[in-house]
file query_0.csv (CSV, C-alpha atoms and all ligand atoms)
chain,number,residue,atom,x,y,z
H,1,MET,CA,-6.4,-96.2,149.4
H,2,LEU,CA,-8.0,-96.6,152.8
H,3,THR,CA,-10.4,-99.2,151.6
H,4,SER,CA,-10.6,-102.1,149.1
H,5,GLN,CA,-11.6,-101.9,145.4
H,6,LYS,CA,-14.4,-104.3,146.2
H,7,ILE,CA,-15.9,-101.7,148.7
H,8,VAL,CA,-15.3,-98.8,146.3
H,9,ASP,CA,-17.2,-100.7,143.5
H,10,ALA,CA,-20.0,-101.4,145.9
H,11,MET,CA,-20.2,-97.8,147.2
H,12,ASN,CA,-20.2,-96.5,143.6
H,13,GLU,CA,-23.1,-98.8,142.9
H,14,GLN,CA,-24.9,-97.5,146.0
H,15,ILE,CA,-24.5,-93.9,144.8
H,16,GLY,CA,-26.6,-95.0,141.8
H,17,ASN,CA,-29.1,-96.6,144.1
H,18,GLU,CA,-29.5,-93.5,146.2
H,19,PHE,CA,-29.9,-91.3,143.2
H,20,SER,CA,-32.4,-93.7,141.8
H,21,ALA,CA,-34.4,-93.4,145.1
H,22,MET,CA,-34.1,-89.6,144.7
H,23,LEU,CA,-35.6,-89.7,141.2
H,24,GLN,CA,-38.4,-92.0,142.3
H,25,TYR,CA,-39.3,-89.6,145.1
H,26,ILE,CA,-39.3,-86.6,142.8
H,27,ALA,CA,-41.6,-88.5,140.5
H,28,ILE,CA,-43.9,-89.3,143.4
H,29,ALA,CA,-43.8,-85.7,144.6
H,30,ALA,CA,-44.8,-84.6,141.1
H,31,TYR,CA,-47.7,-87.1,141.1
H,32,PHE,CA,-49.0,-85.6,144.4
H,33,ASP,CA,-48.5,-82.1,143.0
H,34,ALA,CA,-50.6,-83.0,139.9
H,35,VAL,CA,-53.5,-84.4,142.1
H,36,THR,CA,-53.3,-81.3,144.4
H,37,LEU,CA,-52.2,-82.9,147.6
H,38,PRO,CA,-49.6,-80.3,148.7
H,39,GLN,CA,-48.5,-81.8,152.0
H,40,LEU,CA,-47.8,-85.2,150.4
H,41,CYS,CA,-46.0,-83.4,147.5
H,42,THR,CA,-43.8,-81.4,150.0
H,43,HIS,CA,-43.2,-84.6,152.0
H,44,PHE,CA,-41.9,-86.5,149.0
H,45,TYR,CA,-39.7,-83.6,147.7
H,46,GLY,CA,-38.2,-83.7,151.2
H,47,GLN,CA,-37.6,-87.4,150.9
H,48,ALA,CA,-35.9,-86.8,147.5
H,49,GLU,CA,-33.6,-84.3,149.2
H,50,GLU,CA,-32.6,-86.8,151.8
H,51,GLU,CA,-31.8,-89.4,149.1
H,52,LYS,CA,-29.6,-86.8,147.4
H,53,ASN,CA,-27.8,-86.2,150.7
H,54,HIS,CA,-27.3,-90.0,151.1
H,55,ALA,CA,-25.7,-90.1,147.6
H,56,HIS,CA,-23.5,-87.2,148.6
H,57,ARG,CA,-22.3,-89.0,151.7
H,58,PHE,CA,-21.2,-92.0,149.6
H,59,VAL,CA,-19.6,-89.7,147.0
H,60,LYS,CA,-17.6,-88.0,149.8
H,61,TYR,CA,-16.6,-91.3,151.3
H,62,VAL,CA,-15.3,-92.7,148.1
H,63,VAL,CA,-13.3,-89.5,147.5
H,64,ASP,CA,-12.0,-89.3,151.2
H,65,THR,CA,-10.8,-92.9,151.1
H,66,GLY,CA,-8.9,-92.3,147.8
H,67,GLY,CA,-11.2,-94.4,145.7
H,68,LYS,CA,-12.1,-93.7,142.0
H,69,LEU,CA,-15.5,-92.2,141.9
H,70,GLU,CA,-17.9,-93.7,139.3
H,71,ILE,CA,-21.5,-92.6,139.1
H,72,PRO,CA,-23.6,-95.2,137.3
H,73,ALA,CA,-26.4,-94.5,134.8
H,74,ILE,CA,-29.7,-94.0,136.7
H,75,PRO,CA,-32.8,-95.9,135.4
H,76,ALA,CA,-36.0,-93.8,134.7
H,77,PRO,CA,-38.4,-93.8,137.7
H,78,LYS,CA,-42.0,-94.8,137.6
H,79,VAL,CA,-44.1,-91.6,137.0
H,80,GLN,CA,-47.7,-92.8,136.8
H,81,PHE,CA,-49.7,-94.1,139.7
H,82,ALA,CA,-53.3,-95.3,139.9
H,83,ALA,CA,-53.7,-94.1,143.5
H,84,ALA,CA,-51.9,-92.5,146.5
H,85,GLU,CA,-51.6,-95.9,148.1
H,86,GLU,CA,-49.7,-97.3,145.1
H,87,ALA,CA,-47.2,-94.5,145.3
H,88,VAL,CA,-46.6,-94.8,149.0
H,89,LYS,CA,-46.4,-98.6,148.8
H,90,LEU,CA,-43.7,-98.3,146.1
H,91,SER,CA,-41.9,-95.9,148.5
H,92,LEU,CA,-42.0,-98.5,151.3
H,93,ASP,CA,-40.8,-101.2,149.0
H,94,GLN,CA,-38.0,-98.9,147.8
H,95,GLU,CA,-36.9,-98.2,151.5
H,96,LYS,CA,-36.9,-102.0,152.2
H,97,LYS,CA,-34.8,-102.6,149.1
H,98,VAL,CA,-32.3,-99.9,150.1
H,99,THR,CA,-32.1,-101.5,153.6
H,100,SER,CA,-31.1,-104.8,151.9
H,101,GLN,CA,-28.5,-102.9,149.8
H,102,ILE,CA,-27.0,-101.3,152.9
H,103,ASN,CA,-26.9,-104.6,154.7
H,104,ALA,CA,-25.1,-106.2,151.8
H,105,LEU,CA,-22.5,-103.4,151.9
H,106,VAL,CA,-22.1,-104.0,155.7
H,107,ASP,CA,-21.6,-107.7,154.9
H,108,ILE,CA,-18.8,-106.9,152.4
H,109,ALA,CA,-17.1,-104.5,154.9
H,110,LYS,CA,-17.2,-107.1,157.7
H,111,THR,CA,-15.9,-109.8,155.4
H,112,GLU,CA,-13.1,-107.6,154.2
H,113,ARG,CA,-12.3,-106.6,157.8
H,114,ASP,CA,-12.8,-103.0,156.7
H,115,TYR,CA,-13.8,-101.4,160.0
H,116,THR,CA,-13.6,-97.8,158.6
H,117,SER,CA,-16.3,-98.6,156.0
H,118,ASP,CA,-18.3,-100.7,158.5
H,119,ASN,CA,-18.3,-97.7,160.9
H,120,PHE,CA,-19.3,-95.3,158.0
H,121,LEU,CA,-22.2,-97.6,157.1
H,122,GLN,CA,-23.6,-97.8,160.6
H,123,TRP,CA,-25.1,-94.3,160.1
H,124,PHE,CA,-27.1,-95.7,157.1
H,125,VAL,CA,-28.2,-98.8,159.1
H,126,ARG,CA,-29.8,-96.5,161.7
H,127,GLU,CA,-31.2,-94.2,159.0
H,128,GLN,CA,-32.9,-97.1,157.2
H,129,LEU,CA,-34.7,-98.2,160.4
H,130,GLU,CA,-36.1,-94.7,160.6
H,131,GLU,CA,-37.0,-94.5,156.9
H,132,VAL,CA,-38.7,-97.8,156.8
H,133,THR,CA,-40.7,-97.1,160.0
H,134,SER,CA,-41.9,-93.7,158.9
H,135,MET,CA,-42.9,-94.9,155.5
H,136,GLU,CA,-44.8,-97.8,157.1
H,137,ASP,CA,-46.6,-95.3,159.3
H,138,LEU,CA,-47.5,-93.2,156.2
H,139,LEU,CA,-48.8,-96.2,154.3
H,140,HIS,CA,-51.0,-97.2,157.3
H,141,ILE,CA,-52.4,-93.7,157.5
H,142,VAL,CA,-53.1,-93.6,153.7
H,143,ARG,CA,-54.9,-96.9,153.9
H,144,ARG,CA,-56.9,-96.0,156.9
H,145,ALA,CA,-58.0,-92.7,155.4
H,146,GLY,CA,-58.9,-94.2,152.0
H,147,GLU,CA,-58.4,-92.6,148.6
H,148,ASP,CA,-61.6,-90.4,149.1
H,149,ASN,CA,-60.3,-89.0,152.4
H,150,LEU,CA,-56.7,-88.1,151.6
H,151,LEU,CA,-57.2,-84.6,153.1
H,152,ARG,CA,-56.9,-86.5,156.4
H,153,VAL,CA,-53.4,-87.5,155.4
H,154,GLU,CA,-52.7,-83.9,154.5
H,155,GLU,CA,-53.8,-82.8,157.9
H,156,TYR,CA,-51.7,-85.5,159.6
H,157,LEU,CA,-48.6,-84.4,157.7
H,158,ALA,CA,-49.3,-80.7,158.4
H,159,ARG,CA,-49.6,-81.4,162.1
H,160,LYS,CA,-46.5,-83.7,162.1
H,161,ASN,CA,-44.3,-81.2,160.4
H,162,GLY,CA,-45.8,-78.1,162.0
H,163,ARG,CA,-46.8,-76.7,158.7
H,164,GLY,CA,-50.0,-75.1,157.6
H,165,ALA,CA,-52.5,-77.5,156.2
H,166,GLY,CA,-52.2,-76.1,152.7
H,167,PHE,CA,-55.8,-75.0,152.5
H,168,PRO,CA,-57.7,-72.3,154.4
H,169,THR,CA,-58.7,-73.2,158.0
H,170,GLU,CA,-62.0,-72.2,159.5
H,171,GLU,CA,-60.3,-69.5,161.7
H,172,GLY,CA,-58.5,-68.2,158.6
H,173,ALA,CA,-61.5,-68.1,156.4
Z,1,FE,FE,-31.2,-93.4,151.1
Z,2,FE,FE,-34.6,-93.4,152.0

call {"tool": "encode", "arguments": {"input": "query_0.csv", "output": "structure tokens"}}
result
Amino acid sequence: MLTSQKIVDAMNEQIGNEFSAMLQYIAIAAYFDAVTLPQLCTHFYGQAEEEKNHAHRFVKYVVDTGGKLEIPAIPAPKVQFAAAEEAVKLSLDQEKKVTSQINALVDIAKTERDYTSDNFLQWFVREQLEEVTSMEDLLHIVRRAGEDNLLRVEEYLARKNGRGAGFPTEEGA
């Protein structure tokens, strides 16, 4: 095995954390779907897809290094939200939590002098900076727009992602 059992255990645990983040984003996307905010819905389904890919990266790493894969049970996500702000704030908190989890993994890799795992984890260190920053931006925008003006947020996401705004434009009407 190219890595230590300690690292394999921690990576298996992180697979659970990434899938847990994926389920939470699916629940948030479904919330935005239910309140008919299609851009926010699509945005969070996209986030869920990213988390699935993160989990897959860890799965592949455990297999590639000859470790024994174990996928832990995933807790149920929160599915009800009082407001858009609550859902986006939970997303930001989740990204900050995952950043701490990745940092803890890097700590273990460095302590174990496991440079292969340290190198593998650096991709996640960079990814988390991007994830936290973009979720912070989204939370600012949701707060600035206010719950009665969430179509502003929809327009922002449509522009940012080069998508249609999800409702008829004046030109299109
Ligand atoms: Fe992730
Ligand atoms: Fe993430």

call {"tool": "closest_residue", "arguments": {"input": "query_0.csv", "among": "H:Gln122, H:Gln94, H:Asn53, H:Ser4", "to": "Gln24 in chain H", "atoms": "all atoms listed in the file"}}
result
H:Gln94

call {"tool": "closest_atom_pairs", "arguments": {"input": "query_0.csv", "of": "chain H", "to": "ligand FE 1 (chain Z)", "cutoff": "9 Å", "atoms": "all atoms listed in the file", "output": "Markdown table"}}
result
| residue | atom | partner | partner_atom | distance |
| --- | --- | --- | --- | --- |
| H:Asn17 | CA | Z:FE1 | FE | 8.0 |
| H:Glu18 | CA | Z:FE1 | FE | 5.2 |
| H:Phe19 | CA | Z:FE1 | FE | 8.3 |
| H:Ala21 | CA | Z:FE1 | FE | 6.8 |
| H:Met22 | CA | Z:FE1 | FE | 8.0 |
| H:Gln47 | CA | Z:FE1 | FE | 8.8 |
| H:Ala48 | CA | Z:FE1 | FE | 8.9 |
| H:Glu50 | CA | Z:FE1 | FE | 6.8 |
| H:Glu51 | CA | Z:FE1 | FE | 4.5 |
| H:Lys52 | CA | Z:FE1 | FE | 7.7 |
| H:Asn53 | CA | Z:FE1 | FE | 8.0 |
| H:His54 | CA | Z:FE1 | FE | 5.2 |
| H:Ala55 | CA | Z:FE1 | FE | 7.3 |
| H:Glu95 | CA | Z:FE1 | FE | 7.5 |
| H:Val98 | CA | Z:FE1 | FE | 6.7 |
| H:Thr99 | CA | Z:FE1 | FE | 8.5 |
| H:Phe124 | CA | Z:FE1 | FE | 7.6 |
| H:Glu127 | CA | Z:FE1 | FE | 7.9 |
| H:Gln128 | CA | Z:FE1 | FE | 7.3 |
| H:Glu131 | CA | Z:FE1 | FE | 8.3 |

call {"tool": "closest_residue", "arguments": {"input": "query_0.csv", "among": "H:Ile26, H:Val132, H:Phe32, H:Ile15", "to": "Lys97 in chain H", "atoms": "only C-alpha atoms"}}
result
H:Val132

call {"tool": "closest_residue", "arguments": {"input": "query_0.csv", "among": "H:Leu157, H:Met135, H:Leu69, H:Met1", "to": "ligand FE 2 (chain Z)", "atoms": "all atoms listed in the file"}}
result
H:Met135

call {"tool": "residues_near_point", "arguments": {"input": "query_0.csv", "point": "(-52.1, -95.8, 148.7)", "cutoff": "12 Å", "atoms": "all atoms listed in the file", "output": "ChimeraX atom specification"}}
result
/H:28,32,40,81-92,135-150,153

call {"tool": "closest_residue", "arguments": {"input": "query_0.csv", "among": "H:Leu121, H:Val106, H:Glu112, H:Asp9", "to": "Ile71 in chain H", "atoms": "only C-alpha atoms"}}
result
H:Asp9

call {"tool": "atom_distance", "arguments": {"input": "query_0.csv", "atom1": "CA of Val35 in chain H", "atom2": "CA of Glu49 in chain H"}}
result
21.1 Å

call {"tool": "closest_residue", "arguments": {"input": "query_0.csv", "among": "H:Ala109, H:Arg159, H:Glu154, H:Ile102", "to": "Cys41 in chain H", "atoms": "all atoms listed in the file"}}
result
H:Glu154

call {"tool": "closest_residue", "arguments": {"input": "query_0.csv", "among": "H:Ala27, H:Ala158, H:Val59, H:Ile7", "to": "Phe44 in chain H", "atoms": "all atoms listed in the file"}}
result
H:Ala27

call {"tool": "atom_distance", "arguments": {"input": "query_0.csv", "atom1": "CA of Ile74 in chain H", "atom2": "CA of His43 in chain H"}}
result
22.5 Å

call {"tool": "atom_distance", "arguments": {"input": "query_0.csv", "atom1": "CA of Asn103 in chain H", "atom2": "CA of Tyr45 in chain H"}}
result
25.6 Å

call {"tool": "residues_around", "arguments": {"input": "query_0.csv", "residues": "Lys68 in chain H", "least_positions_apart": "3", "cutoff": "9 Å", "atoms": "all atoms listed in the file", "output": "PDB file with C-alpha atoms, keeping the file's coordinate frame"}}
result
ATOM      1  CA  GLN H   5     -11.600-101.900 145.400  1.00  0.00           C
ATOM      2  CA  VAL H   8     -15.300 -98.800 146.300  1.00  0.00           C
ATOM      3  CA  ASP H   9     -17.200-100.700 143.500  1.00  0.00           C
ATOM      4  CA  ASN H  12     -20.200 -96.500 143.600  1.00  0.00           C
ATOM      5  CA  VAL H  62     -15.300 -92.700 148.100  1.00  0.00           C
ATOM      6  CA  VAL H  63     -13.300 -89.500 147.500  1.00  0.00           C
TER       7      VAL H  63
END

call {"tool": "residues_near_point", "arguments": {"input": "query_0.csv", "point": "(-52.0, -82.0, 151.6)", "cutoff": "7 Å", "atoms": "all atoms listed in the file", "output": "list in words"}}
result
Leu37, Pro38, Gln39, Leu40, Leu151, Val153, Glu154, Glu155, Ala165 and Gly166 of chain H
